[in-house]
>>> print(open('protein-v9.txt').read())   # compact mmCIF, C-alpha atoms and all ligand atoms
# COMPACT_ATOMS: atom_id res chain seq x y z
CA MET A 1 0.00 0.00 0.00
CA ASP A 2 1.29 3.49 -0.84
CA LYS A 3 2.18 5.63 2.11
CA LEU A 4 0.10 8.70 2.85
CA TYR A 5 0.88 11.37 5.43
CA GLY A 6 -1.04 14.02 7.32
CA GLY A 7 0.45 17.41 8.08
CA ILE A 8 -0.58 20.10 10.57
CA GLU A 9 0.88 23.56 10.38
CA ALA A 10 -0.04 25.03 13.74
CA GLY A 11 0.43 28.76 13.63
CA GLY A 12 -0.46 31.39 16.21
CA THR A 13 -3.31 32.68 14.02
CA TRP A 14 -4.17 29.84 11.61
CA PHE A 15 -4.03 26.06 11.51
CA VAL A 16 -3.48 24.42 8.11
CA CYS A 17 -4.05 20.67 7.67
CA ALA A 18 -3.43 18.59 4.57
CA VAL A 19 -2.89 15.04 3.38
CA GLY A 20 -0.31 13.96 0.83
CA THR A 21 3.31 13.04 0.18
CA ASP A 22 4.98 15.99 -1.62
CA PRO A 23 4.23 19.31 -3.42
CA ASP A 24 2.81 17.44 -6.46
CA ASN A 25 0.65 15.21 -4.33
CA LEU A 26 -1.12 17.30 -1.75
CA SER A 27 -4.85 17.12 -1.26
CA ALA A 28 -7.71 18.00 1.00
CA GLU A 29 -6.09 21.12 2.37
CA THR A 30 -8.05 22.99 5.03
CA ARG A 31 -7.45 26.12 7.08
CA PHE A 32 -9.13 27.40 10.25
CA ARG A 33 -8.45 29.94 12.99
CA THR A 34 -6.39 29.07 16.05
CA THR A 35 -8.66 29.41 19.09
CA THR A 36 -8.47 27.34 22.29
CA PRO A 37 -6.26 24.21 22.32
CA LEU A 38 -9.17 21.76 22.74
CA ALA A 39 -11.39 23.26 20.04
CA THR A 40 -8.59 23.80 17.53
CA ILE A 41 -6.92 20.40 17.92
CA LYS A 42 -10.35 18.73 17.75
CA LYS A 43 -11.00 20.41 14.40
CA ALA A 44 -7.70 19.03 13.09
CA ILE A 45 -8.57 15.54 14.38
CA ASN A 46 -12.02 15.69 12.73
CA PHE A 47 -10.41 16.66 9.42
CA PHE A 48 -8.10 13.63 9.49
CA GLN A 49 -10.89 11.28 10.63
CA LYS A 50 -12.84 12.25 7.53
CA GLN A 51 -9.79 11.58 5.32
CA ALA A 52 -9.09 8.27 7.03
CA ARG A 53 -12.48 6.93 5.95
CA SER A 54 -11.22 6.87 2.36
CA GLU A 55 -7.50 6.22 2.87
CA ALA A 56 -5.47 5.24 5.95
CA LEU A 57 -2.72 7.60 7.07
CA THR A 58 0.79 6.22 7.72
CA ALA A 59 1.78 9.01 10.13
CA ILE A 60 1.09 12.64 10.98
CA GLY A 61 3.61 15.46 11.29
CA ILE A 62 3.03 18.68 13.20
CA GLY A 63 4.91 21.94 12.82
CA SER A 64 3.90 24.00 15.83
CA PHE A 65 4.41 27.42 17.34
CA GLY A 66 5.97 27.10 20.75
CA PRO A 67 8.18 26.75 22.59
CA VAL A 68 7.58 23.02 22.15
CA ASP A 69 9.38 19.92 23.46
CA ILE A 70 10.95 18.28 20.40
CA ASN A 71 13.26 15.92 22.29
CA PRO A 72 12.04 12.31 21.68
CA ALA A 73 13.65 11.19 24.96
CA SER A 74 11.70 13.68 27.09
CA PRO A 75 8.48 12.76 28.97
CA LYS A 76 6.97 16.01 27.68
CA HIS A 77 7.86 15.25 24.05
CA GLY A 78 5.26 16.72 21.71
CA HIS A 79 3.94 19.22 24.29
CA ILE A 80 3.69 22.96 23.81
CA ILE A 81 5.71 23.95 26.89
CA ILE A 82 4.87 27.57 27.52
CA SER A 83 3.35 30.02 25.14
CA PRO A 84 2.58 33.72 24.99
CA LYS A 85 -0.70 32.45 23.50
CA PRO A 86 -3.25 32.20 26.36
CA GLY A 87 -4.29 28.65 27.31
CA TRP A 88 -1.78 26.84 25.11
CA GLY A 89 0.97 26.31 27.70
CA ASN A 90 1.51 22.66 28.74
CA THR A 91 -0.72 21.26 25.96
CA ASP A 92 0.02 17.64 24.98
CA PHE A 93 -0.50 18.44 21.31
CA ALA A 94 1.06 15.33 19.70
CA GLY A 95 -0.43 13.04 22.38
CA MET A 96 -3.99 14.26 21.78
CA VAL A 97 -3.68 13.65 18.04
CA ARG A 98 -2.02 10.25 18.54
CA LYS A 99 -4.72 9.05 20.98
CA ALA A 100 -7.57 10.12 18.71
CA LEU A 101 -6.19 8.85 15.40
CA LYS A 102 -4.03 5.92 16.53
CA VAL A 103 -1.17 6.64 14.14
CA PRO A 104 2.43 7.73 14.86
CA VAL A 105 2.60 11.51 15.38
CA PHE A 106 5.78 13.58 15.17
CA LEU A 107 6.16 17.20 16.22
CA ASN A 108 8.76 19.88 15.64
CA THR A 109 8.72 23.66 15.46
CA ASP A 110 6.77 25.40 12.69
CA VAL A 111 9.97 26.94 11.37
CA ASN A 112 12.04 23.76 11.51
CA VAL A 113 9.46 21.84 9.49
CA ALA A 114 9.14 24.70 6.97
CA ALA A 115 12.93 24.54 6.65
CA LEU A 116 12.68 20.79 6.06
CA ALA A 117 10.23 21.33 3.19
CA GLU A 118 12.46 24.02 1.65
CA TYR A 119 15.43 21.63 1.99
CA ARG A 120 13.61 18.81 0.21
CA TRP A 121 11.66 20.69 -2.43
CA GLY A 122 12.19 24.46 -2.20
CA ALA A 123 14.76 27.25 -1.92
CA ALA A 124 17.34 25.33 0.14
CA GLN A 125 17.88 22.26 -2.06
CA GLY A 126 21.53 21.20 -2.16
CA LEU A 127 22.55 23.23 0.93
CA ASP A 128 23.54 21.77 4.28
CA THR A 129 23.36 24.82 6.55
CA PHE A 130 20.66 27.47 6.25
CA ILE A 131 18.07 29.42 8.24
CA TYR A 132 14.32 29.74 7.81
CA LEU A 133 12.97 32.80 9.59
CA THR A 134 9.28 33.65 9.73
CA VAL A 135 8.08 37.18 10.44
CA GLY A 136 4.39 37.25 11.24
CA THR A 137 2.32 37.12 14.45
CA GLY A 138 5.68 36.34 16.04
CA ILE A 139 9.21 35.89 14.76
CA GLY A 140 10.59 32.35 14.72
CA GLY A 141 13.69 30.83 13.26
CA GLY A 142 14.85 27.32 12.58
CA GLY A 143 16.71 25.48 9.93
CA ILE A 144 19.30 22.90 9.15
CA VAL A 145 22.93 22.74 10.27
CA ASN A 146 25.23 20.20 8.62
CA GLY A 147 22.20 18.39 7.19
CA GLN A 148 20.35 18.05 10.52
CA LEU A 149 17.34 19.97 11.83
CA MET A 150 18.34 22.38 14.59
CA GLY A 151 17.49 21.12 18.09
CA GLY A 152 19.91 21.18 20.99
CA LEU A 153 18.87 22.43 24.42
CA ILE A 154 15.22 23.06 23.42
CA HIS A 155 15.26 24.55 19.93
CA PRO A 156 16.33 27.91 18.56
CA GLU A 157 14.19 30.92 19.48
CA MET A 158 15.65 33.38 17.01
CA GLY A 159 12.82 35.89 17.44
CA HIS A 160 13.93 36.59 20.99
CA ILE A 161 17.49 37.71 20.28
CA ARG A 162 18.29 41.27 21.28
CA VAL A 163 19.03 43.93 18.71
CA PRO A 164 20.16 47.54 19.31
CA HIS A 165 17.12 49.73 20.04
CA ASP A 166 17.60 53.44 19.36
CA TRP A 167 14.98 55.00 21.65
CA ASN A 168 15.25 58.40 19.91
CA ARG A 169 14.45 56.95 16.52
CA ASP A 170 11.89 54.47 17.87
CA PRO A 171 10.31 55.28 21.26
CA PHE A 172 8.02 52.19 21.04
CA THR A 173 8.77 50.04 24.10
CA GLY A 174 8.32 46.69 22.33
CA CYS A 175 5.55 44.16 22.91
CA CYS A 176 7.14 40.79 23.77
CA PRO A 177 5.45 39.71 27.03
CA PHE A 178 8.75 38.19 28.17
CA HIS A 179 11.40 40.71 26.99
CA GLU A 180 9.59 43.78 25.65
CA ASP A 181 12.07 44.95 23.00
CA CYS A 182 13.60 41.73 21.71
CA LEU A 183 13.53 41.32 17.91
CA GLU A 184 9.99 39.88 18.00
CA GLY A 185 8.87 42.63 20.38
CA LEU A 186 10.10 45.27 17.94
CA ALA A 187 9.47 43.73 14.52
CA ALA A 188 6.65 41.13 14.51
CA ALA A 189 3.23 42.13 13.16
CA PRO A 190 1.77 43.14 16.57
CA ALA A 191 4.71 45.54 17.09
CA LEU A 192 4.04 47.16 13.71
CA ALA A 193 0.33 47.43 14.51
CA GLN A 194 0.91 48.99 17.95
CA ARG A 195 3.70 51.34 16.87
CA TRP A 196 1.87 52.76 13.84
CA GLY A 197 -1.71 52.40 15.09
CA GLN A 198 -2.98 50.36 12.14
CA PRO A 199 -2.69 46.78 10.84
CA PRO A 200 0.66 46.39 9.01
CA GLU A 201 -1.00 45.16 5.82
CA THR A 202 -2.73 48.55 5.51
CA LEU A 203 0.53 50.54 5.68
CA PRO A 204 1.54 51.78 2.19
CA ALA A 205 4.72 50.33 0.64
CA ASP A 206 6.55 53.67 0.94
CA HIS A 207 5.62 54.19 4.63
CA GLN A 208 8.58 54.84 6.94
CA ALA A 209 7.45 51.78 8.92
CA TRP A 210 9.15 49.53 6.40
CA GLN A 211 12.57 51.24 6.63
CA LEU A 212 12.52 50.69 10.39
CA GLU A 213 11.24 47.12 9.96
CA ALA A 214 14.03 46.33 7.48
CA HIS A 215 16.54 47.90 9.87
CA TYR A 216 15.53 45.58 12.76
CA LEU A 217 15.38 42.50 10.54
CA ALA A 218 18.83 43.29 9.10
CA LEU A 219 20.28 43.71 12.60
CA GLY A 220 18.80 40.34 13.56
CA LEU A 221 20.08 38.66 10.40
CA ASN A 222 23.55 40.10 10.98
CA ASN A 223 23.65 38.33 14.37
CA LEU A 224 22.42 35.06 12.86
CA ILE A 225 24.84 35.21 9.90
CA CYS A 226 27.79 35.84 12.21
CA THR A 227 26.72 33.06 14.59
CA LEU A 228 25.56 30.23 12.32
CA SER A 229 27.24 31.02 8.99
CA PRO A 230 24.18 30.01 6.96
CA GLN A 231 24.58 29.38 3.23
CA ARG A 232 21.19 31.00 2.63
CA ILE A 233 18.42 32.73 4.59
CA ILE A 234 14.76 32.16 3.75
CA LEU A 235 12.34 34.80 5.03
CA GLY A 236 8.68 33.77 5.24
CA GLY A 237 5.58 34.80 7.19
CA GLY A 238 2.82 37.35 6.75
CA VAL A 239 4.96 40.47 7.19
CA MET A 240 7.35 39.29 4.44
CA GLN A 241 4.41 39.38 2.01
CA GLN A 242 5.47 43.05 1.82
CA SER A 243 7.90 42.31 -0.98
CA GLN A 244 9.46 45.80 -0.81
CA LEU A 245 11.16 44.59 2.40
CA PHE A 246 13.46 42.17 0.59
CA PRO A 247 15.66 44.71 -1.27
CA MET A 248 15.79 46.93 1.83
CA VAL A 249 16.80 44.08 4.13
CA ARG A 250 19.45 42.85 1.67
CA LYS A 251 21.03 46.28 1.35
CA MET A 252 21.02 46.92 5.10
CA VAL A 253 22.57 43.50 5.82
CA GLN A 254 25.41 44.39 3.45
CA GLN A 255 25.81 47.79 5.13
CA ILE A 256 25.83 46.34 8.65
CA LEU A 257 28.31 43.57 7.76
CA ASN A 258 30.42 46.28 6.08
CA GLU A 259 32.26 43.88 3.73
CA TYR A 260 33.61 41.97 6.71
CA LEU A 261 32.53 38.57 5.36
CA PRO A 262 34.14 38.01 1.95
CA ALA A 263 31.55 35.44 0.79
CA PRO A 264 30.43 36.18 -2.80
CA GLU A 265 26.90 35.10 -1.80
CA ILE A 266 26.70 38.21 0.38
CA VAL A 267 28.97 40.64 -1.48
CA THR A 268 27.80 40.13 -5.06
CA ASP A 269 24.80 37.79 -5.03
CA ILE A 270 22.72 38.80 -2.03
CA ASP A 271 19.50 38.59 -4.10
CA SER A 272 19.98 34.80 -4.08
CA TYR A 273 21.16 34.78 -0.46
CA ILE A 274 18.15 36.34 1.30
CA VAL A 275 15.10 34.90 -0.42
CA PRO A 276 11.38 34.15 0.04
CA PRO A 277 10.32 30.50 0.49
CA GLY A 278 10.45 28.52 -2.76
CA LEU A 279 7.24 26.76 -1.69
CA GLY A 280 5.50 30.01 -0.75
CA ARG A 281 2.78 29.66 1.86
CA ARG A 282 2.72 25.86 1.52
CA ALA A 283 6.17 25.44 3.14
CA GLY A 284 4.68 24.90 6.60
CA VAL A 285 2.15 22.20 5.85
CA LEU A 286 4.46 20.46 3.38
CA GLY A 287 7.16 20.50 6.04
CA ALA A 288 4.81 18.78 8.48
CA ILE A 289 4.25 16.06 5.85
CA ALA A 290 8.03 15.82 5.26
CA LEU A 291 8.57 15.43 9.00
CA ALA A 292 6.04 12.59 9.16
CA ALA A 293 7.63 10.85 6.18
CA GLU A 294 11.17 11.21 7.50
CA SER A 295 10.38 10.25 11.10
CA GLU A 296 8.30 7.12 10.56
CA GLN A 297 10.97 5.35 8.51
ZN ZN A 301 11.01 38.11 23.42
>>> encode(input="protein-v9.txt", output="structure tokens", more="lines below")
Ligand code: ZN
Amino acid sequence: MDKLYGGIEAGGTWFVCAVGTDPDNLSAETRFRTTTPLATIKKAINFFQKQARSEALTAIGIGSFGPVDINPASPKHGHIIISPKPGWGNTDFAGMVRKALKVPVFLNTDVNVAALAEYRWGAAQGLDTFIYLTVGTGIGGGGIVNGQLMGGLIHPEMGHIRVPHDWNRDPFTGCCPFHEDCLEGLAAAPALAQRWGQPPETLPADHQAWQLEAHYLALGLNNLICTLSPQRIILGGGVMQQSQLFPMVRKMVQQILNEYLPAPEIVTDIDSYIVPPGLGRRAGVLGAIALAAESEQ
């Protein structure tokens, strides 16, 4: 029997579920709002139960917002540990899905699984060390180092790095509930909305908001480039739908690095170095399917 996988992209605002094996074989995609853990996870379970009536699933992968416990040896493996999202802390996400559907369930961070999909099918094919950063409701980063998904202590939390905050230029205090003016607190969508008093998607492309946004993202990327030496950086998420940000971020990264790193990828070919996801908005759910396929073998 052919294998068939389920994928859940669990974002802070939306859940996306789908069934399939790869970008050319993806079906029955559905999308619904993230509300309470019980109601939202139940909707996902119902979706897969309907699918399972026609075809049995081999395994399910979940790419989740977090922090989540991705260590298979931990008793809390598959749990959302704590979350700025009310009610979601200490949720046994993978366990609830496993109990209801009786198939193997694997969980990793939303950004790590998106990176996995880009590695297999998208903008990171052929690389062994790269970063996937999402800029949306929050800022999250993951990726692959030497061919392996990033894990370690818990998993990277690249949105919560600190970047210089010039209080004269930007008196906004930042809105991360844990750190106020970390990168996420200054540059995720809620920060844009609070600083400028309107939803970021309604700000015109030539608004000064985007210069400041590109400035913070470039400072963050500078830290990540100098720390992890990625061969490419993929920038996804709702805020990066503002495509005018890409040229601004690229230029500012070059300015901040100040020709210190002699890599041609950065000096002469930065348009191919800082890129949108090759799989577009499907990277997350495809990554969850890739995680299921890779983990069950
Ligand atoms: Zn923070």
>>> residues_near_ligand(input="protein-v9.txt", ligand="ligand ZN 301 (chain A)", cutoff="9 Å", atoms="only C-alpha atoms and all ligand atoms", output="PDB file with C-alpha atoms, in the coordinates of the input")
ATOM      1  CA  GLU A 157      14.190  30.920  19.480  1.00  0.00           C
ATOM      2  CA  GLY A 159      12.820  35.890  17.440  1.00  0.00           C
ATOM      3  CA  HIS A 160      13.930  36.590  20.990  1.00  0.00           C
ATOM      4  CA  ILE A 161      17.490  37.710  20.280  1.00  0.00           C
ATOM      5  CA  ARG A 162      18.290  41.270  21.280  1.00  0.00           C
ATOM      6  CA  CYS A 175       5.550  44.160  22.910  1.00  0.00           C
ATOM      7  CA  CYS A 176       7.140  40.790  23.770  1.00  0.00           C
ATOM      8  CA  PRO A 177       5.450  39.710  27.030  1.00  0.00           C
ATOM      9  CA  PHE A 178       8.750  38.190  28.170  1.00  0.00           C
ATOM     10  CA  HIS A 179      11.400  40.710  26.990  1.00  0.00           C
ATOM     11  CA  GLU A 180       9.590  43.780  25.650  1.00  0.00           C
ATOM     12  CA  ASP A 181      12.070  44.950  23.000  1.00  0.00           C
ATOM     13  CA  CYS A 182      13.600  41.730  21.710  1.00  0.00           C
ATOM     14  CA  LEU A 183      13.530  41.320  17.910  1.00  0.00           C
ATOM     15  CA  GLU A 184       9.990  39.880  18.000  1.00  0.00           C
ATOM     16  CA  GLY A 185       8.870  42.630  20.380  1.00  0.00           C
TER      17      GLY A 185
END
>>> closest_atom_pairs(input="protein-v9.txt", of="region 233-272 of chain A", to="region 200-208 of chain A", cutoff="10 Å", atoms="only C-alpha atoms", output="JSON lines")
{"residue": "A:Gly238", "atom": "CA", "partner": "A:Glu201", "partner_atom": "CA", "distance": 8.7}
{"residue": "A:Val239", "atom": "CA", "partner": "A:Pro200", "partner_atom": "CA", "distance": 7.5}
{"residue": "A:Gln241", "atom": "CA", "partner": "A:Glu201", "partner_atom": "CA", "distance": 8.8}
{"residue": "A:Gln242", "atom": "CA", "partner": "A:Ala205", "partner_atom": "CA", "distance": 7.4}
{"residue": "A:Ser243", "atom": "CA", "partner": "A:Ala205", "partner_atom": "CA", "distance": 8.8}
{"residue": "A:Gln244", "atom": "CA", "partner": "A:Ala205", "partner_atom": "CA", "distance": 6.7}
{"residue": "A:Leu245", "atom": "CA", "partner": "A:Ala205", "partner_atom": "CA", "distance": 8.8}
>>> residues_near_point(input="protein-v9.txt", point="(-6.7, 25.0, 9.9)", cutoff="9 Å", atoms="only C-alpha atoms", output="NGL selection string")
:A and (8-11 or 14-18 or 29-34 or 40 or 43-44)
>>> atom_distance(input="protein-v9.txt", atom1="CA of Pro75 (chain A)", atom2="CA of Gly287 (chain A)")
24.2 Å
>>> atom_distance(input="protein-v9.txt", atom1="CA of Val249 (chain A)", atom2="CA of Thr173 (chain A)")
22.3 Å
>>> residues_around(input="protein-v9.txt", residues="Ala218 (chain A)", least_positions_apart="6", cutoff="10 Å", atoms="only C-alpha atoms", output="count of residues only")
13
>>> closest_residue(input="protein-v9.txt", among="A:Leu149, A:Leu133, A:Pro23, A:Leu228", to="Ile274 (chain A)", atoms="only C-alpha atoms")
A:Leu133
>>> closest_residue(input="protein-v9.txt", among="A:Lys42, A:Pro264, A:Met158, A:Leu186", to="Asn222 (chain A)", atoms="only C-alpha atoms")
A:Met158
>>> residues_around(input="protein-v9.txt", residues="Asp271 (chain A)", least_positions_apart="2", cutoff="10 Å", atoms="only C-alpha atoms", output="number ranges by chain")
A: 246-247, 250-251, 265-266, 268-269, 273-275
>>> atom_distance(input="protein-v9.txt", atom1="CA of Leu286 (chain A)", atom2="CA of Ala117 (chain A)")
5.8 Å
